[in-house]
$ cat input26.cif   # mmCIF, C-alpha atoms and all ligand atoms
data_start
#
loop_
_atom_site.label_atom_id
_atom_site.label_comp_id
_atom_site.auth_asym_id
_atom_site.auth_seq_id
_atom_site.Cartn_x
_atom_site.Cartn_y
_atom_site.Cartn_z
CA MET A 16 7.71 10.28 -38.09
CA ILE A 17 5.94 10.39 -41.42
CA PHE A 18 3.40 7.62 -41.93
CA ARG A 19 0.89 7.49 -44.77
CA GLN A 20 -1.65 4.82 -45.59
CA LEU A 21 -2.60 5.00 -49.28
CA PHE A 22 -5.44 3.10 -50.91
CA ASP A 23 -6.02 1.57 -54.32
CA SER A 24 -9.78 1.19 -54.58
CA ILE A 25 -9.66 -1.16 -57.57
CA SER A 26 -7.73 -3.91 -55.80
CA GLY A 27 -8.53 -2.84 -52.23
CA THR A 28 -4.79 -2.59 -51.55
CA TYR A 29 -3.17 -0.52 -48.81
CA THR A 30 0.24 0.93 -49.52
CA TYR A 31 2.33 2.47 -46.76
CA LEU A 32 4.87 5.26 -47.00
CA LEU A 33 7.29 5.62 -44.08
CA ALA A 34 10.03 8.11 -43.27
CA SER A 35 11.59 9.42 -40.09
CA ARG A 36 11.56 13.09 -41.11
CA ARG A 37 10.88 15.57 -43.88
CA GLY A 38 13.84 15.74 -46.21
CA GLY A 39 14.87 12.21 -45.28
CA GLU A 40 14.84 8.72 -46.73
CA ALA A 41 11.52 6.96 -47.30
CA LEU A 42 10.34 3.43 -47.90
CA ILE A 43 7.12 2.18 -49.42
CA ILE A 44 5.34 -1.09 -48.71
CA ASP A 45 3.13 -2.86 -51.29
CA PRO A 46 2.96 -0.20 -54.01
CA VAL A 47 0.41 -0.65 -56.84
CA LEU A 48 1.57 0.00 -60.42
CA GLU A 49 -1.33 2.27 -61.38
CA LYS A 50 -0.65 4.50 -58.39
CA VAL A 51 3.06 5.07 -58.97
CA ASP A 52 2.57 8.65 -60.21
CA ARG A 53 0.68 9.47 -57.01
CA TYR A 54 3.40 7.97 -54.79
CA ILE A 55 6.13 9.89 -56.57
CA GLN A 56 4.14 13.11 -56.29
CA LEU A 57 3.60 12.55 -52.55
CA VAL A 58 7.27 11.72 -52.01
CA ASP A 59 8.12 15.03 -53.71
CA GLU A 60 5.49 16.98 -51.80
CA LEU A 61 6.83 15.69 -48.50
CA ASP A 62 10.39 16.41 -49.63
CA LEU A 63 11.39 12.75 -49.24
CA ARG A 64 13.82 10.53 -51.09
CA LEU A 65 12.40 7.09 -51.85
CA VAL A 66 15.17 4.56 -51.22
CA LYS A 67 13.34 1.25 -50.78
CA ALA A 68 10.19 -0.37 -52.18
CA ILE A 69 9.01 -3.61 -50.60
CA ASP A 70 6.33 -6.16 -51.37
CA THR A 71 5.10 -8.31 -48.47
CA HIS A 72 4.52 -11.17 -50.93
CA LEU A 73 3.96 -11.88 -54.61
CA HIS A 74 0.54 -10.36 -55.18
CA ALA A 75 -2.19 -12.01 -57.27
CA ASP A 76 -4.72 -9.19 -57.41
CA HIS A 77 -2.71 -6.24 -58.71
CA ILE A 78 0.54 -5.54 -60.52
CA THR A 79 3.26 -4.36 -58.20
CA GLY A 80 4.74 -0.87 -58.50
CA LEU A 81 8.19 -2.13 -57.49
CA GLY A 82 9.76 -2.16 -60.95
CA ALA A 83 8.28 1.17 -62.02
CA LEU A 84 9.39 2.87 -58.80
CA ARG A 85 12.91 1.49 -59.24
CA ASP A 86 13.05 2.67 -62.85
CA ARG A 87 11.84 6.15 -61.98
CA THR A 88 13.53 6.80 -58.62
CA HIS A 89 16.45 4.31 -58.66
CA CYS A 90 15.26 2.98 -55.31
CA ILE A 91 16.15 -0.49 -54.08
CA THR A 92 13.49 -3.19 -54.58
CA VAL A 93 13.11 -5.61 -51.69
CA MET A 94 11.30 -8.91 -51.18
CA GLY A 95 11.68 -11.96 -48.97
CA GLU A 96 14.25 -14.60 -49.84
CA ARG A 97 11.46 -17.12 -50.52
CA SER A 98 9.81 -15.03 -53.21
CA LYS A 99 9.66 -16.43 -56.75
CA VAL A 100 10.17 -12.98 -58.25
CA ASP A 101 13.00 -13.10 -60.81
CA VAL A 102 15.22 -10.34 -59.45
CA VAL A 103 14.93 -7.75 -56.69
CA SER A 104 17.80 -5.63 -55.40
CA MET A 105 17.67 -7.07 -51.89
CA ARG A 106 16.19 -10.14 -50.27
CA LEU A 107 15.41 -10.46 -46.58
CA SER A 108 14.73 -13.34 -44.24
CA GLU A 109 13.35 -13.82 -40.73
CA GLY A 110 15.42 -11.93 -38.19
CA ASP A 111 16.82 -9.43 -40.70
CA LYS A 112 16.13 -5.74 -40.36
CA LEU A 113 14.73 -3.60 -43.14
CA THR A 114 16.27 -0.18 -42.57
CA ILE A 115 16.31 3.33 -43.93
CA GLU A 116 17.54 6.46 -42.18
CA GLY A 117 15.83 6.63 -38.77
CA VAL A 118 13.53 3.63 -39.38
CA ALA A 119 14.14 -0.07 -38.72
CA LEU A 120 11.59 -2.83 -39.30
CA ASP A 121 11.99 -6.39 -38.04
CA VAL A 122 11.39 -9.00 -40.72
CA LEU A 123 9.04 -11.83 -39.77
CA TYR A 124 8.53 -14.79 -42.09
CA THR A 125 4.78 -15.42 -41.95
CA PRO A 126 3.90 -17.98 -44.66
CA GLY A 127 0.41 -19.36 -45.21
CA HIS A 128 -1.39 -16.98 -47.55
CA THR A 129 1.55 -17.67 -49.88
CA ASP A 130 4.87 -19.36 -49.14
CA ASP A 131 6.60 -16.01 -49.65
CA SER A 132 4.56 -13.94 -47.18
CA TYR A 133 6.48 -11.70 -44.80
CA SER A 134 5.38 -9.22 -42.12
CA PHE A 135 7.30 -6.16 -40.99
CA LEU A 136 7.27 -4.96 -37.40
CA MET A 137 8.01 -1.35 -36.51
CA ARG A 138 7.77 -0.78 -32.74
CA ASP A 139 4.04 -0.08 -32.20
CA ARG A 140 2.77 -1.35 -35.54
CA VAL A 141 3.02 -4.39 -37.76
CA PHE A 142 2.50 -4.60 -41.53
CA THR A 143 0.90 -7.99 -41.96
CA GLY A 144 0.48 -8.22 -45.74
CA ASP A 145 -2.30 -10.71 -46.44
CA THR A 146 -1.38 -12.97 -43.53
CA LEU A 147 -3.60 -11.22 -40.99
CA LEU A 148 -6.35 -8.93 -42.24
CA ILE A 149 -8.82 -6.88 -40.20
CA ARG A 150 -11.44 -9.40 -39.04
CA GLY A 151 -10.15 -11.80 -41.65
CA THR A 152 -7.10 -13.70 -42.90
CA GLY A 153 -5.61 -14.04 -46.37
CA ARG A 154 -6.93 -16.94 -48.42
CA THR A 155 -4.67 -19.99 -48.56
CA ASP A 156 -5.93 -21.79 -51.66
CA PHE A 157 -3.34 -20.74 -54.28
CA GLN A 158 0.32 -19.70 -54.70
CA ASN A 159 1.47 -22.50 -52.39
CA GLY A 160 -0.88 -21.26 -49.69
CA ASP A 161 -1.06 -23.46 -46.62
CA ALA A 162 -3.66 -22.98 -43.87
CA ARG A 163 -1.56 -24.94 -41.37
CA ALA A 164 1.45 -22.67 -41.94
CA GLN A 165 -0.80 -19.63 -41.72
CA TYR A 166 -2.22 -20.76 -38.38
CA ASP A 167 1.34 -21.05 -37.12
CA SER A 168 2.32 -17.62 -38.50
CA ILE A 169 -0.72 -15.97 -36.93
CA PHE A 170 -1.02 -17.74 -33.60
CA ASN A 171 2.66 -18.29 -32.89
CA LYS A 172 4.12 -15.08 -34.30
CA LEU A 173 1.70 -12.24 -34.90
CA LEU A 174 -0.68 -12.80 -31.99
CA ARG A 175 2.31 -12.99 -29.65
CA LEU A 176 3.12 -9.36 -30.31
CA PRO A 177 2.00 -6.93 -27.59
CA ASP A 178 -1.80 -6.54 -27.50
CA GLU A 179 -1.67 -2.84 -28.34
CA THR A 180 0.41 -3.38 -31.51
CA MET A 181 -1.43 -1.79 -34.43
CA VAL A 182 -2.20 -4.06 -37.37
CA PHE A 183 -1.86 -2.57 -40.85
CA PRO A 184 -2.82 -5.12 -43.52
CA ALA A 185 -2.19 -5.08 -47.28
CA HIS A 186 -5.91 -5.15 -48.07
CA ASP A 187 -9.31 -4.28 -46.82
CA TYR A 188 -12.56 -4.51 -48.72
CA LYS A 189 -14.89 -2.90 -46.18
CA GLY A 190 -13.17 0.38 -45.43
CA GLU A 191 -11.41 -0.68 -42.20
CA THR A 192 -8.02 0.96 -41.93
CA VAL A 193 -6.30 -0.30 -38.80
CA SER A 194 -6.80 -2.75 -35.96
CA THR A 195 -4.78 -4.05 -33.02
CA ILE A 196 -3.53 -7.48 -32.04
CA ALA A 197 -5.91 -7.52 -29.04
CA GLU A 198 -8.92 -6.69 -31.22
CA GLU A 199 -8.08 -9.36 -33.75
CA LYS A 200 -7.58 -11.97 -31.03
CA ARG A 201 -11.07 -11.25 -29.70
CA PHE A 202 -13.12 -10.31 -32.70
CA ASN A 203 -11.55 -11.84 -35.82
CA PRO A 204 -14.04 -14.60 -36.66
CA ARG A 205 -11.37 -16.75 -38.33
CA LEU A 206 -9.30 -16.79 -35.16
CA GLN A 207 -12.02 -18.10 -32.84
CA VAL A 208 -10.92 -21.69 -33.47
CA LYS A 209 -9.86 -24.26 -30.89
CA SER A 210 -7.21 -26.06 -32.92
CA VAL A 211 -5.10 -25.89 -36.03
CA ASP A 212 -7.29 -28.59 -37.60
CA GLU A 213 -10.37 -26.48 -37.07
CA TYR A 214 -8.62 -23.56 -38.77
CA VAL A 215 -7.52 -25.74 -41.72
CA ASP A 216 -11.13 -26.93 -42.09
CA LEU A 217 -12.44 -23.37 -42.02
CA MET A 218 -9.94 -22.17 -44.64
CA GLY A 219 -10.61 -25.20 -46.84
CA ASN A 220 -14.32 -24.37 -47.11
CA LEU A 221 -14.26 -20.73 -48.16
CA LYS A 222 -15.04 -21.51 -51.84
CA LEU A 223 -13.67 -18.24 -53.19
CA ALA A 224 -13.38 -17.38 -56.87
CA ASN A 225 -9.88 -16.61 -58.10
CA PRO A 226 -8.94 -12.90 -58.16
CA LYS A 227 -9.87 -11.29 -61.49
CA MET A 228 -6.35 -10.10 -62.12
CA MET A 229 -4.61 -13.32 -61.10
CA ASP A 230 -3.66 -14.61 -64.56
CA VAL A 231 -2.14 -11.25 -65.43
CA ALA A 232 -0.78 -10.15 -62.07
CA VAL A 233 1.12 -13.24 -60.96
CA PRO A 234 3.25 -13.62 -64.13
CA ALA A 235 3.84 -9.84 -64.26
CA ASN A 236 4.87 -9.73 -60.62
CA MET A 237 7.35 -12.54 -61.15
CA ARG A 238 9.25 -10.43 -63.68
CA VAL A 239 10.18 -7.14 -62.06
CA GLY A 240 13.96 -7.43 -62.40
CA LEU A 241 15.95 -4.71 -64.13
CA ALA A 242 17.26 -5.81 -67.53
CA GLN A 243 20.98 -5.97 -66.80
CA ASP A 244 21.73 -7.08 -70.36
CA GLU A 245 21.34 -3.50 -71.59
CA ILE A 246 24.34 -2.54 -69.42
CA ALA A 247 26.20 -5.60 -70.74
CA ARG A 248 25.38 -4.71 -74.36
CA ARG A 249 27.17 -1.43 -73.88
CA GLY A 250 30.26 -3.29 -72.73
CA TRP A 251 29.85 -2.14 -69.14
CA ALA A 252 29.58 -5.55 -67.50
CA LEU A 253 31.52 -8.65 -66.57
CA SER A 254 30.15 -12.09 -65.87
CA ALA A 255 30.94 -13.65 -62.50
CA ARG A 256 33.40 -15.98 -64.21
CA GLU A 257 35.24 -13.05 -65.84
CA ALA A 258 35.26 -11.18 -62.54
CA ILE A 259 36.68 -14.16 -60.64
CA ALA A 260 39.62 -14.17 -63.07
CA LEU A 261 40.38 -10.58 -61.99
CA ILE A 262 40.84 -11.34 -58.27
CA GLY A 263 44.11 -9.75 -57.17
CA CYS A 264 44.54 -7.88 -60.44
CA PRO A 265 46.08 -4.47 -59.58
CA ASP A 266 44.16 -2.68 -62.36
CA VAL A 267 40.75 -3.46 -60.90
CA ALA A 268 38.99 -2.08 -57.81
CA PHE A 269 36.09 -4.22 -56.58
CA VAL A 270 33.45 -1.98 -55.00
CA ASP A 271 30.68 -3.40 -52.80
CA LEU A 272 27.44 -1.40 -52.85
CA ARG A 273 25.56 -3.51 -50.31
CA GLU A 274 24.65 -2.61 -46.75
CA ARG A 275 26.80 -3.66 -43.83
CA ALA A 276 24.29 -6.29 -42.66
CA GLU A 277 24.29 -7.92 -46.11
CA ARG A 278 28.08 -8.00 -46.15
CA GLU A 279 28.21 -9.61 -42.72
CA LYS A 280 25.54 -12.16 -43.57
CA HIS A 281 26.69 -13.23 -47.05
CA GLY A 282 30.42 -12.37 -47.10
CA THR A 283 32.44 -10.03 -49.31
CA ILE A 284 34.95 -10.25 -52.11
CA ALA A 285 38.38 -9.91 -50.47
CA GLY A 286 39.97 -6.50 -50.83
CA SER A 287 36.86 -4.72 -52.03
CA LEU A 288 35.94 -1.19 -51.07
CA HIS A 289 32.64 -0.54 -49.35
CA ALA A 290 30.57 2.25 -50.90
CA PRO A 291 26.89 1.77 -49.92
CA TYR A 292 24.39 2.35 -52.72
CA PRO A 293 22.46 5.18 -50.97
CA GLU A 294 25.64 7.28 -51.07
CA LEU A 295 26.28 6.52 -54.71
CA ALA A 296 25.65 10.00 -56.08
CA GLU A 297 28.31 11.52 -53.82
CA ASN A 298 30.78 8.71 -54.49
CA VAL A 299 30.64 8.84 -58.28
CA GLY A 300 30.36 12.61 -58.56
CA ARG A 301 33.37 14.88 -59.01
CA GLY A 302 35.41 14.82 -55.80
CA GLY A 303 33.67 11.61 -54.70
CA MET A 304 35.64 8.58 -53.56
CA LEU A 305 35.04 6.41 -56.63
CA HIS A 306 35.40 9.27 -59.07
CA GLU A 307 38.79 10.26 -57.67
CA LEU A 308 39.94 6.66 -57.33
CA ALA A 309 39.27 6.00 -61.00
CA ARG A 310 40.85 9.27 -62.08
CA ALA A 311 43.95 9.04 -59.90
CA THR A 312 44.75 5.36 -60.45
CA GLY A 313 43.18 4.57 -63.82
CA LYS A 314 41.72 1.44 -62.24
CA ARG A 315 38.66 -0.25 -63.64
CA ILE A 316 35.84 0.18 -61.12
CA LEU A 317 33.95 -3.10 -60.80
CA LEU A 318 30.71 -2.47 -58.94
CA TYR A 319 28.83 -5.30 -57.28
CA CYS A 320 25.84 -5.84 -55.00
CA ALA A 321 23.57 -8.75 -54.07
CA PHE A 322 21.91 -9.56 -57.42
CA GLY A 323 23.34 -7.01 -59.83
CA GLU A 324 20.51 -4.47 -59.79
CA ARG A 325 21.97 -1.79 -57.59
CA SER A 326 25.29 -2.15 -59.40
CA ALA A 327 23.63 -1.92 -62.82
CA MET A 328 21.91 1.33 -61.78
CA ALA A 329 25.20 2.52 -60.29
CA VAL A 330 27.16 1.79 -63.47
CA GLN A 331 24.65 3.82 -65.47
CA ALA A 332 24.95 6.69 -62.97
CA ALA A 333 28.76 6.49 -63.02
CA GLN A 334 28.87 6.41 -66.83
CA ASP A 335 26.49 9.38 -66.90
CA VAL A 336 29.04 11.46 -64.98
CA GLY A 337 31.89 10.37 -67.20
CA LEU A 338 33.34 7.46 -65.22
CA ALA A 339 34.07 5.37 -68.30
CA SER A 340 35.83 2.58 -66.40
CA ALA A 341 32.79 1.70 -64.26
CA CYS A 342 31.40 -1.75 -64.92
CA ASN A 343 28.85 -4.13 -63.46
CA LEU A 344 29.30 -7.57 -61.95
CA THR A 345 26.25 -9.14 -63.62
CA GLY A 346 24.07 -11.04 -61.16
CA GLY A 347 26.02 -9.74 -58.16
CA ILE A 348 27.26 -11.84 -55.26
CA ASP A 349 24.55 -14.38 -56.00
CA ALA A 350 26.09 -15.12 -59.42
CA TRP A 351 29.61 -14.87 -57.98
CA LYS A 352 28.77 -17.57 -55.40
CA LYS A 353 27.15 -19.81 -58.02
CA ALA A 354 30.30 -19.51 -60.16
CA GLY A 355 32.42 -20.65 -57.21
CA GLY A 356 33.87 -17.24 -56.39
CA PRO A 357 35.57 -17.02 -52.97
CA LEU A 358 34.09 -14.87 -50.21
CA THR A 359 35.51 -13.67 -46.92
CA ARG A 360 33.66 -12.72 -43.75
FE FE A 401 -2.09 -11.53 -51.53
#

$ encode --input "input26.cif" --output "structure tokens" --more "lines below"
Ligand SMILES: [Fe+2]
Amino acid sequence: MIFRQLFDSISGTYTYLLASRRGGEALIIDPVLEKVDRYIQLVDELDLRLVKAIDTHLHADHITGLGALRDRTHCITVMGERSKVDVVSMRLSEGDKLTIEGVALDVLYTPGHTDDSYSFLMRDRVFTGDTLLIRGTGRTDFQNGDARAQYDSIFNKLLRLPDETMVFPAHDYKGETVSTIAEEKRFNPRLQVKSVDEYVDLMGNLKLANPKMMDVAVPANMRVGLAQDEIARRGWALSAREAIALIGCPDVAFVDLRERAEREKHGTIAGSLHAPYPELAENVGRGGMLHELARATGKRILLYCAFGERSAMAVQAAQDVGLASACNLTGGIDAWKKAGGPLTR
């Protein structure tokens, strides 16, 4: 297991890099824009392949590295389904699993600091974002924060994890690096309350100044989506409405780039092939399934995913290796559903 805790001293943010082995897939939690070069260097040094970048919530104190990491490594960006971010490649909700090769994290919805705060549990450790900090808790006075919801997230979800579970937060301002559930239960001053009302009172009287970066960071972090219009401008895209008109058309192969769990949860376009995004390079390369399909049949390859990001990156990659018939379903299954497109399960 490879596990690295990285620190941005300007915002006091912890970023975590996880992988099951050298040479394998990696994921990164809460990356900071200014540190992206360092992450990419470390990923290279450890001989890893970054495949997912996740934010626990929409941050107010730093600009996320999600978009930059996606642009530079073609990794999948991930956030919770409640996030107000414009576009990420994948959205998760409570009960889902966030997976890469050899690593699976349980997704817990833990609102309170913000209404889009999620925690991620990996066996002996939990990444708590700003919901539960070391000897503290995330403020609840902006971004739809709610002390009552946070009490519920902490007392009824996080503190019910085994006592020895290690707590890795998104921030620390005093140099603490890790705690445990048992320690926080006993020693976190914010958690020594007798009722939810007492906690709400406590959180309502903190009188904190807004984060310095807030006016810059929040709007920036809401716009991390890949500009899919560039792909469309080149004539490599179809709208959901245009794609719906092609159902059953023998000249078109619909190709689903999502993961199996996403297909099962949200449904698929009938008759589509499944070619998961992490295997894209093999599939579009010479001798790969999609490459040979396009060459042998002359079919138009219509790539789709959840929101159109993975497919937009895939179309670019396919075009780069000469697959001229590859095109993007703009907005993905989300747009397809909104346009009334049929799905099967
Ligand atoms: Fe935060």

$ residues_around --input "input26.cif" --residues "Ala255 (chain A)" --least-positions-apart "6" --cutoff "12 Å" --atoms "all atoms listed in the file" --output "number ranges by chain"
A: 261-262, 284, 317-320, 322-323, 343-357

$ residues_near_ligand --input "input26.cif" --ligand "ligand FE 401 (chain A)" --cutoff "6 Å" --atoms "all atoms listed in the file" --output "count of residues only"
3

$ closest_residue --input "input26.cif" --among "A:Arg163, A:Arg150, A:Lys50, A:His77" --to "Pro204 (chain A)" --atoms "all atoms listed in the file"
A:Arg150

$ atom_distance --input "input26.cif" --atom1 "CA of Ile55 (chain A)" --atom2 "CA of Ala341 (chain A)"
28.9 Å

$ closest_residue --input "input26.cif" --among "A:Leu338, A:Leu206, A:Leu305, A:Leu173" --to "Pro126 (chain A)" --atoms "all atoms listed in the file"
A:Leu173

$ closest_residue --input "input26.cif" --among "A:Glu191, A:Asp76, A:Arg106, A:Glu213" --to "His281 (chain A)" --atoms "only C-alpha atoms"
A:Arg106

$ atom_distance --input "input26.cif" --atom1 "CA of Ala290 (chain A)" --atom2 "CA of Arg238 (chain A)"
27.9 Å

$ closest_residue --input "input26.cif" --among "A:Ser26, A:Gly219, A:Asn236, A:Phe157" --to "Val102 (chain A)" --atoms "all atoms listed in the file"
A:Asn236

$ atom_distance --input "input26.cif" --atom1 "CA of Leu253 (chain A)" --atom2 "CA of Pro293 (chain A)"
22.7 Å

$ residues_around --input "input26.cif" --residues "Ala296 (chain A)" --least-positions-apart "4" --cutoff "9 Å" --atoms "only C-alpha atoms" --output "list in words"
Tyr292, Gly300, Gly303, Ala329, Ala332 and Ala333 of chain A

$ residues_around --input "input26.cif" --residues "Val103 (chain A)" --least-positions-apart "3" --cutoff "8 Å" --atoms "all atoms listed in the file" --output "ChimeraX atom specification"
/A:91-94,100,106,239-240,322,324

$ closest_residue --input "input26.cif" --among "A:Val47, A:Val330, A:Cys264, A:Leu84" --to "Ala185 (chain A)" --atoms "all atoms listed in the file"
A:Val47

$ decode --input "input26.cif" --residues "region 209-218 of chain A" --atoms "all heavy atoms" --output "PDB file, in the first residue's frame"
ATOM      1  N   LYS A 209     -23.598  17.807  25.315  1.00  0.00           N
ATOM      2  CA  LYS A 209     -24.599  16.833  25.793  1.00  0.00           C
ATOM      3  C   LYS A 209     -25.773  16.701  24.842  1.00  0.00           C
ATOM      4  O   LYS A 209     -26.580  15.770  24.969  1.00  0.00           O
ATOM      5  CB  LYS A 209     -25.089  17.250  27.170  1.00  0.00           C
ATOM      6  CG  LYS A 209     -23.980  17.131  28.208  1.00  0.00           C
ATOM      7  CD  LYS A 209     -24.468  17.201  29.629  1.00  0.00           C
ATOM      8  CE  LYS A 209     -23.288  17.087  30.586  1.00  0.00           C
ATOM      9  NZ  LYS A 209     -22.245  18.157  30.329  1.00  0.00           N
ATOM     10  N   SER A 210     -25.913  17.632  23.910  1.00  0.00           N
ATOM     11  CA  SER A 210     -27.072  17.556  23.008  1.00  0.00           C
ATOM     12  C   SER A 210     -26.744  18.254  21.698  1.00  0.00           C
ATOM     13  O   SER A 210     -25.778  19.024  21.606  1.00  0.00           O
ATOM     14  CB  SER A 210     -28.273  18.255  23.646  1.00  0.00           C
ATOM     15  OG  SER A 210     -27.988  19.644  23.733  1.00  0.00           O
ATOM     16  N   VAL A 211     -27.586  18.006  20.713  1.00  0.00           N
ATOM     17  CA  VAL A 211     -27.407  18.663  19.421  1.00  0.00           C
ATOM     18  C   VAL A 211     -27.575  20.175  19.580  1.00  0.00           C
ATOM     19  O   VAL A 211     -26.857  20.960  18.964  1.00  0.00           O
ATOM     20  CB  VAL A 211     -28.355  18.064  18.343  1.00  0.00           C
ATOM     21  CG1 VAL A 211     -29.814  18.210  18.730  1.00  0.00           C
ATOM     22  CG2 VAL A 211     -28.095  18.680  16.980  1.00  0.00           C
ATOM     23  N   ASP A 212     -28.501  20.590  20.454  1.00  0.00           N
ATOM     24  CA  ASP A 212     -28.718  22.034  20.647  1.00  0.00           C
ATOM     25  C   ASP A 212     -27.476  22.718  21.224  1.00  0.00           C
ATOM     26  O   ASP A 212     -27.134  23.825  20.834  1.00  0.00           O
ATOM     27  CB  ASP A 212     -29.923  22.271  21.566  1.00  0.00           C
ATOM     28  CG  ASP A 212     -31.215  21.867  20.875  1.00  0.00           C
ATOM     29  OD1 ASP A 212     -31.297  22.041  19.640  1.00  0.00           O
ATOM     30  OD2 ASP A 212     -32.123  21.352  21.542  1.00  0.00           O
ATOM     31  N   GLU A 213     -26.820  22.016  22.121  1.00  0.00           N
ATOM     32  CA  GLU A 213     -25.598  22.568  22.697  1.00  0.00           C
ATOM     33  C   GLU A 213     -24.522  22.719  21.610  1.00  0.00           C
ATOM     34  O   GLU A 213     -23.788  23.705  21.568  1.00  0.00           O
ATOM     35  CB  GLU A 213     -25.090  21.644  23.820  1.00  0.00           C
ATOM     36  CG  GLU A 213     -24.124  22.312  24.772  1.00  0.00           C
ATOM     37  CD  GLU A 213     -23.550  21.347  25.806  1.00  0.00           C
ATOM     38  OE1 GLU A 213     -24.306  20.467  26.305  1.00  0.00           O
ATOM     39  OE2 GLU A 213     -22.350  21.447  26.092  1.00  0.00           O
ATOM     40  N   TYR A 214     -24.464  21.742  20.705  1.00  0.00           N
ATOM     41  CA  TYR A 214     -23.489  21.813  19.612  1.00  0.00           C
ATOM     42  C   TYR A 214     -23.816  22.970  18.656  1.00  0.00           C
ATOM     43  O   TYR A 214     -22.928  23.734  18.265  1.00  0.00           O
ATOM     44  CB  TYR A 214     -23.458  20.481  18.834  1.00  0.00           C
ATOM     45  CG  TYR A 214     -22.381  20.444  17.778  1.00  0.00           C
ATOM     46  CD1 TYR A 214     -21.036  20.314  18.138  1.00  0.00           C
ATOM     47  CD2 TYR A 214     -22.688  20.581  16.422  1.00  0.00           C
ATOM     48  CE1 TYR A 214     -20.039  20.312  17.178  1.00  0.00           C
ATOM     49  CE2 TYR A 214     -21.694  20.571  15.461  1.00  0.00           C
ATOM     50  CZ  TYR A 214     -20.375  20.438  15.840  1.00  0.00           C
ATOM     51  OH  TYR A 214     -19.385  20.442  14.896  1.00  0.00           O
ATOM     52  N   VAL A 215     -25.106  23.123  18.344  1.00  0.00           N
ATOM     53  CA  VAL A 215     -25.533  24.212  17.451  1.00  0.00           C
ATOM     54  C   VAL A 215     -25.178  25.565  18.067  1.00  0.00           C
ATOM     55  O   VAL A 215     -24.675  26.469  17.381  1.00  0.00           O
ATOM     56  CB  VAL A 215     -27.053  24.103  17.159  1.00  0.00           C
ATOM     57  CG1 VAL A 215     -27.562  25.335  16.425  1.00  0.00           C
ATOM     58  CG2 VAL A 215     -27.352  22.834  16.358  1.00  0.00           C
ATOM     59  N   ASP A 216     -25.400  25.699  19.363  1.00  0.00           N
ATOM     60  CA  ASP A 216     -25.048  26.914  20.102  1.00  0.00           C
ATOM     61  C   ASP A 216     -23.552  27.219  20.001  1.00  0.00           C
ATOM     62  O   ASP A 216     -23.142  28.332  19.682  1.00  0.00           O
ATOM     63  CB  ASP A 216     -25.348  26.677  21.590  1.00  0.00           C
ATOM     64  CG  ASP A 216     -26.486  27.545  22.042  1.00  0.00           C
ATOM     65  OD1 ASP A 216     -27.257  27.990  21.166  1.00  0.00           O
ATOM     66  OD2 ASP A 216     -26.587  27.773  23.268  1.00  0.00           O
ATOM     67  N   LEU A 217     -22.764  26.175  20.253  1.00  0.00           N
ATOM     68  CA  LEU A 217     -21.308  26.288  20.217  1.00  0.00           C
ATOM     69  C   LEU A 217     -20.845  26.757  18.830  1.00  0.00           C
ATOM     70  O   LEU A 217     -20.062  27.699  18.705  1.00  0.00           O
ATOM     71  CB  LEU A 217     -20.708  24.911  20.546  1.00  0.00           C
ATOM     72  CG  LEU A 217     -19.202  24.716  20.454  1.00  0.00           C
ATOM     73  CD1 LEU A 217     -18.528  25.449  21.605  1.00  0.00           C
ATOM     74  CD2 LEU A 217     -18.851  23.227  20.541  1.00  0.00           C
ATOM     75  N   MET A 218     -21.371  26.113  17.786  1.00  0.00           N
ATOM     76  CA  MET A 218     -20.942  26.441  16.422  1.00  0.00           C
ATOM     77  C   MET A 218     -21.437  27.823  16.000  1.00  0.00           C
ATOM     78  O   MET A 218     -20.835  28.465  15.150  1.00  0.00           O
ATOM     79  CB  MET A 218     -21.422  25.379  15.432  1.00  0.00           C
ATOM     80  CG  MET A 218     -20.810  23.997  15.651  1.00  0.00           C
ATOM     81  SD  MET A 218     -19.007  23.986  15.667  1.00  0.00           S
ATOM     82  CE  MET A 218     -18.635  24.202  13.930  1.00  0.00           C
TER      83      MET A 218
END
